[in-house]
$ cat final.cif   # mmCIF, C-alpha atoms and all ligand atoms
data_my_file
loop_
_atom_site.label_atom_id
_atom_site.label_comp_id
_atom_site.auth_asym_id
_atom_site.auth_seq_id
_atom_site.Cartn_x
_atom_site.Cartn_y
_atom_site.Cartn_z
CA MET A 1 -17.95 170.34 205.83
CA THR A 2 -16.76 166.90 204.76
CA GLN A 3 -18.09 165.76 201.39
CA PRO A 4 -19.19 162.15 200.92
CA PRO A 5 -16.63 160.05 199.01
CA MET A 6 -17.03 160.19 195.23
CA ARG A 7 -17.65 156.72 193.82
CA LYS A 8 -16.06 155.29 190.69
CA GLY A 9 -19.26 155.47 188.61
CA GLN A 10 -19.83 159.15 189.47
CA ALA A 11 -16.26 160.04 188.51
CA VAL A 12 -16.47 158.20 185.18
CA HIS A 13 -19.84 159.80 184.45
CA ARG A 14 -18.45 163.26 185.05
CA THR A 15 -15.40 162.53 182.88
CA VAL A 16 -17.62 161.42 179.98
CA TRP A 17 -19.67 164.64 180.18
CA ALA A 18 -16.54 166.79 180.43
CA GLY A 19 -15.13 164.92 177.43
CA ALA A 20 -18.30 165.59 175.45
CA ALA A 21 -18.14 169.32 176.35
CA VAL A 22 -14.49 169.53 175.26
CA ALA A 23 -15.31 167.68 172.02
CA LEU A 24 -18.08 170.21 171.24
CA CYS A 25 -15.74 173.16 171.92
CA ALA A 26 -13.01 171.56 169.84
CA ALA A 27 -15.47 170.95 166.98
CA ALA A 28 -16.57 174.61 167.11
CA ALA A 29 -12.93 175.79 167.09
CA ALA A 30 -12.04 173.34 164.34
CA ARG A 31 -14.41 175.10 161.92
CA ARG A 32 -12.18 178.18 161.95
CA ARG A 33 -8.82 176.62 162.84
CA PRO A 34 -8.85 172.86 162.25
CA LEU A 35 -5.36 172.25 163.66
CA ALA A 36 -6.03 174.14 166.92
CA GLY A 37 -9.29 172.24 167.36
CA LEU A 38 -7.53 168.94 166.88
CA ALA A 39 -4.75 169.89 169.31
CA VAL A 40 -7.29 170.84 172.02
CA ALA A 41 -9.22 167.59 171.56
CA GLY A 42 -5.99 165.53 171.59
CA ALA A 43 -4.61 167.17 174.72
CA ALA A 44 -7.93 166.80 176.55
CA ALA A 45 -8.19 163.14 175.55
CA ALA A 46 -4.62 162.49 176.77
CA VAL A 47 -5.27 164.15 180.15
CA GLY A 48 -8.64 162.41 180.48
CA ALA A 49 -7.12 158.99 179.78
CA SER A 50 -4.20 159.64 182.15
CA ALA A 51 -6.61 160.16 185.04
CA TYR A 52 -7.39 156.45 184.78
CA LEU A 53 -3.82 155.25 184.10
CA PRO A 54 -2.15 154.88 187.51
CA SER A 55 1.48 155.26 186.41
CA SER A 56 1.06 157.83 183.60
CA PRO A 57 3.46 160.78 184.12
CA LEU A 58 1.05 163.29 182.47
CA LEU A 59 -0.63 164.14 185.78
CA GLY A 60 2.59 164.22 187.81
CA ARG A 61 5.41 161.78 188.39
CA VAL A 62 4.42 158.53 190.07
CA VAL A 63 6.82 156.01 191.54
CA HIS A 64 5.68 152.56 190.51
CA ARG A 65 8.68 150.23 190.35
CA GLY A 66 12.12 149.56 191.76
CA PRO A 67 15.37 149.11 189.87
CA ALA A 68 15.32 146.25 187.33
CA ASP A 69 18.91 145.23 188.13
CA VAL A 70 18.41 144.47 191.84
CA PRO A 71 16.75 141.14 192.75
CA ARG A 72 14.01 142.63 194.90
CA ALA A 73 10.24 143.05 194.59
CA ALA A 74 7.45 144.37 196.82
CA LEU A 75 4.05 143.07 197.89
CA THR A 76 1.57 145.87 198.62
CA PHE A 77 -1.90 145.61 200.19
CA ASP A 78 -4.63 148.22 199.72
CA ASP A 79 -7.89 149.19 201.46
CA GLY A 80 -7.29 147.84 204.97
CA PRO A 81 -7.10 147.24 207.74
CA GLY A 82 -10.13 144.94 207.69
CA PRO A 83 -11.31 141.51 208.81
CA SER A 84 -8.70 139.60 206.74
CA THR A 85 -5.72 141.75 207.75
CA PRO A 86 -4.76 139.50 210.73
CA HIS A 87 -4.61 136.49 208.35
CA VAL A 88 -2.44 138.42 205.89
CA LEU A 89 -0.14 139.48 208.76
CA ASP A 90 0.02 135.89 210.07
CA ALA A 91 0.97 134.57 206.60
CA LEU A 92 3.66 137.23 206.12
CA ALA A 93 5.06 136.57 209.61
CA ALA A 94 5.26 132.82 208.91
CA GLU A 95 7.27 133.57 205.74
CA GLY A 96 9.42 136.25 207.35
CA VAL A 97 8.32 138.74 204.65
CA ARG A 98 7.75 142.47 205.16
CA ALA A 99 5.30 144.33 202.95
CA THR A 100 3.58 147.68 202.48
CA PHE A 101 0.01 148.38 203.61
CA PHE A 102 -1.71 151.32 201.90
CA VAL A 103 -4.27 151.95 204.63
CA LEU A 104 -7.50 153.96 204.60
CA GLY A 105 -7.80 156.45 207.47
CA ARG A 106 -11.41 155.37 208.01
CA GLN A 107 -10.25 151.78 208.53
CA VAL A 108 -7.34 152.80 210.75
CA GLU A 109 -9.85 154.42 213.11
CA ARG A 110 -11.81 151.15 213.23
CA HIS A 111 -8.80 148.85 213.71
CA PRO A 112 -5.97 150.82 215.39
CA GLY A 113 -4.54 147.65 216.96
CA LEU A 114 -3.89 146.16 213.51
CA VAL A 115 -1.92 149.22 212.44
CA ARG A 116 0.15 148.95 215.61
CA ARG A 117 0.77 145.30 214.76
CA MET A 118 1.89 146.19 211.20
CA VAL A 119 4.47 148.59 212.59
CA GLU A 120 5.62 146.22 215.34
CA GLU A 121 6.14 143.45 212.77
CA GLY A 122 8.29 145.65 210.54
CA HIS A 123 5.82 146.44 207.74
CA GLU A 124 5.50 149.80 206.05
CA VAL A 125 2.28 151.75 206.61
CA ALA A 126 1.51 154.05 203.68
CA SER A 127 -1.55 156.13 202.76
CA HIS A 128 -4.51 155.24 200.55
CA GLY A 129 -6.49 158.36 201.61
CA TYR A 130 -9.22 158.58 204.23
CA ASP A 131 -12.47 157.30 202.70
CA HIS A 132 -11.52 155.74 199.33
CA GLY A 133 -13.33 158.54 197.46
CA ILE A 134 -12.21 159.01 193.85
CA LEU A 135 -9.93 162.07 193.55
CA ILE A 136 -10.09 162.87 189.81
CA TRP A 137 -12.52 165.76 190.29
CA ARG A 138 -11.29 166.90 193.71
CA GLY A 139 -9.16 169.96 194.43
CA ALA A 140 -5.72 169.99 196.03
CA ARG A 141 -7.17 170.98 199.42
CA HIS A 142 -9.46 167.96 199.49
CA VAL A 143 -6.56 165.63 198.58
CA ALA A 144 -4.32 167.15 201.28
CA GLU A 145 -7.14 166.80 203.84
CA GLN A 146 -7.60 163.12 203.01
CA LEU A 147 -3.90 162.59 203.62
CA ALA A 148 -3.70 164.67 206.80
CA ARG A 149 -6.74 162.93 208.31
CA THR A 150 -5.28 159.50 207.59
CA GLU A 151 -1.91 160.53 208.97
CA ARG A 152 -3.53 161.69 212.23
CA ALA A 153 -5.38 158.36 212.55
CA VAL A 154 -2.14 156.40 212.01
CA ALA A 155 -0.27 158.61 214.48
CA ARG A 156 -2.96 158.00 217.12
CA ALA A 157 -2.83 154.25 216.45
CA ALA A 158 0.90 153.65 216.19
CA GLY A 159 2.84 156.82 216.99
CA PRO A 160 3.90 159.95 215.11
CA ASP A 161 6.60 158.30 212.98
CA ALA A 162 4.58 155.28 211.87
CA MET A 163 3.54 156.64 208.46
CA SER A 164 5.72 156.40 205.36
CA ARG A 165 5.53 159.16 202.72
CA LEU A 166 4.01 157.06 199.93
CA PHE A 167 0.45 157.73 198.79
CA ARG A 168 -1.57 155.55 196.43
CA ALA A 169 -4.75 157.20 195.13
CA PRO A 170 -7.90 155.04 195.27
CA HIS A 171 -7.87 152.85 192.10
CA GLY A 172 -4.76 154.83 191.11
CA PHE A 173 -7.08 157.45 189.57
CA ARG A 174 -5.70 161.00 189.71
CA GLY A 175 -6.93 164.39 188.63
CA PRO A 176 -5.10 167.59 187.68
CA ALA A 177 -4.90 168.65 191.38
CA THR A 178 -3.96 165.30 192.92
CA ALA A 179 -0.18 165.74 192.59
CA LEU A 180 -0.36 169.25 194.10
CA GLY A 181 -2.43 168.10 197.10
CA CYS A 182 -0.10 165.19 197.58
CA ARG A 183 2.98 167.44 197.52
CA ARG A 184 1.38 169.91 199.94
CA ALA A 185 0.73 167.12 202.42
CA GLY A 186 4.33 165.89 202.01
CA TYR A 187 3.66 162.64 200.13
CA ARG A 188 5.01 160.94 197.02
CA PRO A 189 2.43 159.44 194.58
CA ALA A 190 2.81 155.68 194.22
CA ALA A 191 1.34 153.09 191.84
CA TRP A 192 2.27 149.49 190.97
CA THR A 193 3.64 147.35 188.14
CA ARG A 194 0.91 144.69 188.22
CA GLY A 195 -2.53 144.26 189.74
CA VAL A 196 -3.74 140.67 189.81
CA PHE A 197 -7.44 141.35 190.43
CA ASP A 198 -7.46 139.44 193.69
CA SER A 199 -10.51 141.56 194.64
CA ALA A 200 -12.56 139.57 192.08
CA GLU A 201 -11.86 136.50 194.26
CA PRO A 202 -10.69 134.09 191.52
CA GLY A 203 -9.39 131.58 194.13
CA ALA A 204 -6.10 131.50 196.05
CA ALA A 205 -4.36 129.33 193.42
CA ALA A 206 -5.24 131.76 190.59
CA ILE A 207 -4.07 134.73 192.65
CA ALA A 208 -0.76 133.01 193.38
CA ARG A 209 -0.31 132.03 189.71
CA ARG A 210 -0.92 135.59 188.50
CA VAL A 211 1.52 137.04 191.04
CA GLU A 212 4.14 134.44 190.09
CA ARG A 213 3.90 135.58 186.45
CA ALA A 214 4.32 139.21 187.49
CA LEU A 215 7.25 138.69 189.87
CA GLU A 216 10.49 140.13 188.49
CA PRO A 217 13.21 142.45 189.80
CA GLY A 218 11.65 145.84 190.64
CA ALA A 219 8.03 144.60 190.55
CA VAL A 220 5.42 146.18 192.80
CA ILE A 221 2.46 143.81 193.17
CA LEU A 222 -0.97 145.22 194.01
CA LEU A 223 -3.01 143.04 196.37
CA HIS A 224 -5.86 143.75 198.81
CA ASP A 225 -6.21 142.92 202.50
CA ALA A 226 -9.70 144.52 202.54
CA ASP A 227 -12.35 146.06 200.27
CA GLY A 228 -12.39 149.85 199.90
CA TRP A 229 -16.13 149.98 199.17
CA ALA A 230 -17.35 147.11 201.40
CA PRO A 231 -15.16 147.25 204.52
CA GLY A 232 -16.70 144.14 206.11
CA ARG A 233 -15.86 141.90 203.16
CA PRO A 234 -13.05 139.41 203.75
CA ARG A 235 -9.99 138.89 201.53
CA GLN A 236 -9.19 135.39 202.72
CA GLN A 237 -8.15 134.15 199.26
CA THR A 238 -5.39 136.75 199.16
CA ALA A 239 -4.12 135.65 202.59
CA ASP A 240 -4.28 132.00 201.48
CA ALA A 241 -2.23 132.75 198.33
CA LEU A 242 0.69 134.24 200.27
CA PRO A 243 2.68 131.08 201.16
CA GLU A 244 2.79 130.10 197.47
CA ILE A 245 3.68 133.67 196.38
CA CYS A 246 6.54 133.87 198.89
CA ARG A 247 7.82 130.44 197.83
CA ALA A 248 7.85 131.52 194.16
CA ALA A 249 9.79 134.68 195.04
CA ARG A 250 12.38 132.67 196.99
CA GLU A 251 12.79 130.20 194.11
CA ARG A 252 13.56 133.09 191.77
CA GLY A 253 16.04 134.57 194.21
CA LEU A 254 13.86 137.64 194.74
CA GLU A 255 13.87 139.30 198.14
CA LEU A 256 10.44 140.71 199.06
CA VAL A 257 10.79 144.11 200.75
CA PRO A 258 8.44 147.01 201.58
CA MET A 259 7.81 149.31 198.59
CA GLY A 260 9.51 152.30 200.25
CA ARG A 261 12.73 150.33 200.42
CA LEU A 262 12.35 148.98 196.90
CA VAL A 263 11.89 152.41 195.31
CA ALA A 264 14.31 154.31 197.55
CA ALA A 265 16.77 154.62 194.67
CA ALA A 266 14.13 155.03 191.93
ZN ZN A 301 -8.34 150.89 197.05
#

$ encode --input "final.cif" --output "structure tokens"
Amino acid sequence: MTQPPMRKGQAVHRTVWAGAAVALCAAAAARRRPLAGLAVAGAAAAVGASAYLPSSPLLGRVVHRGPADVPRAALTFDDGPGPSTPHVLDALAAEGVRATFFVLGRQVERHPGLVRRMVEEGHEVASHGYDHGILIWRGARHVAEQLARTERAVARAAGPDAMSRLFRAPHGFRGPATALGCRRAGYRPAAWTRGVFDSAEPGAAAIARRVERALEPGAVILLHDADGWAPGRPRQQTADALPEICRAARERGLELVPMGRLVAAA
């Protein structure tokens, strides 16, 4: 049976309780062997923190940037397709820029025509899982199922070869089994160099300014063409920021390419 997606708050809650349990065990062990107790607590804290650090290598290698000596960067869009995706695609088409869309399987089923359009216009379609559920506490089988279900939805929408092999976990949060599930399903974990919090809707000018500051050779910029938790919510500000972002990249001599191409050598 399919489980409902785990929300961010639930995952954090569970991590705090697990942390408290480990701390109690470590304290008990520390009475007899202080060094062993400290080592257990330290290792658990490092793993626990890594779950929330998208590019930490402790929970498996994650590709998050391209080479720093090649003048290229990537724009990536999470959580779609949704109501603002056509505006994002229009803006990218007007600038002649190709990007990567980390799509949710659930959204692909709702908007198959938009996924077809992404592929037709030369963008990369990558996976963000099926339902945006947090994966920290999920087993490898659950992770692999999320990926397989999304891949089937993309194949139905845009053909069997439409999906790239990059996978970005919701919020970048990973658990001990995420890398294994990802490998089983044939994907490579992906993160980013800079998120600009466009989902907080700070205005198109602020979004563009933040991206401009983060643009450098090898950068992978995290943006959103939809909302993973509120699929009907628009991301118009992000679409409106794109002409300015593309202009800034051109001025710096940076070519904007899909992430798969950017990290091919990484
Ligand atoms: Zn997301």

$ residues_near_ligand --input "final.cif" --ligand "ligand ZN 301 (chain A)" --cutoff "8 Å" --atoms "only C-alpha atoms and all ligand atoms" --output "ChimeraX atom specification"
/A:78-79,128,132,169-172,224,227-228

$ closest_residue --input "final.cif" --among "A:Ala204, A:Leu180, A:Leu135, A:Ala226" --to "A:Met6" --atoms "all atoms listed in the file"
A:Leu135

$ closest_residue --input "final.cif" --among "A:Leu262, A:Ala241, A:Ile136, A:Ala191" --to "A:Ala205" --atoms "only C-alpha atoms"
A:Ala241

$ closest_residue --input "final.cif" --among "A:Met118, A:Ala46, A:Leu24, A:Ala153" --to "A:Asp90" --atoms "all atoms listed in the file"
A:Met118

$ closest_residue --input "final.cif" --among "A:His123, A:Arg31, A:Arg106, A:His64" --to "A:Ala93" --atoms "all atoms listed in the file"
A:His123
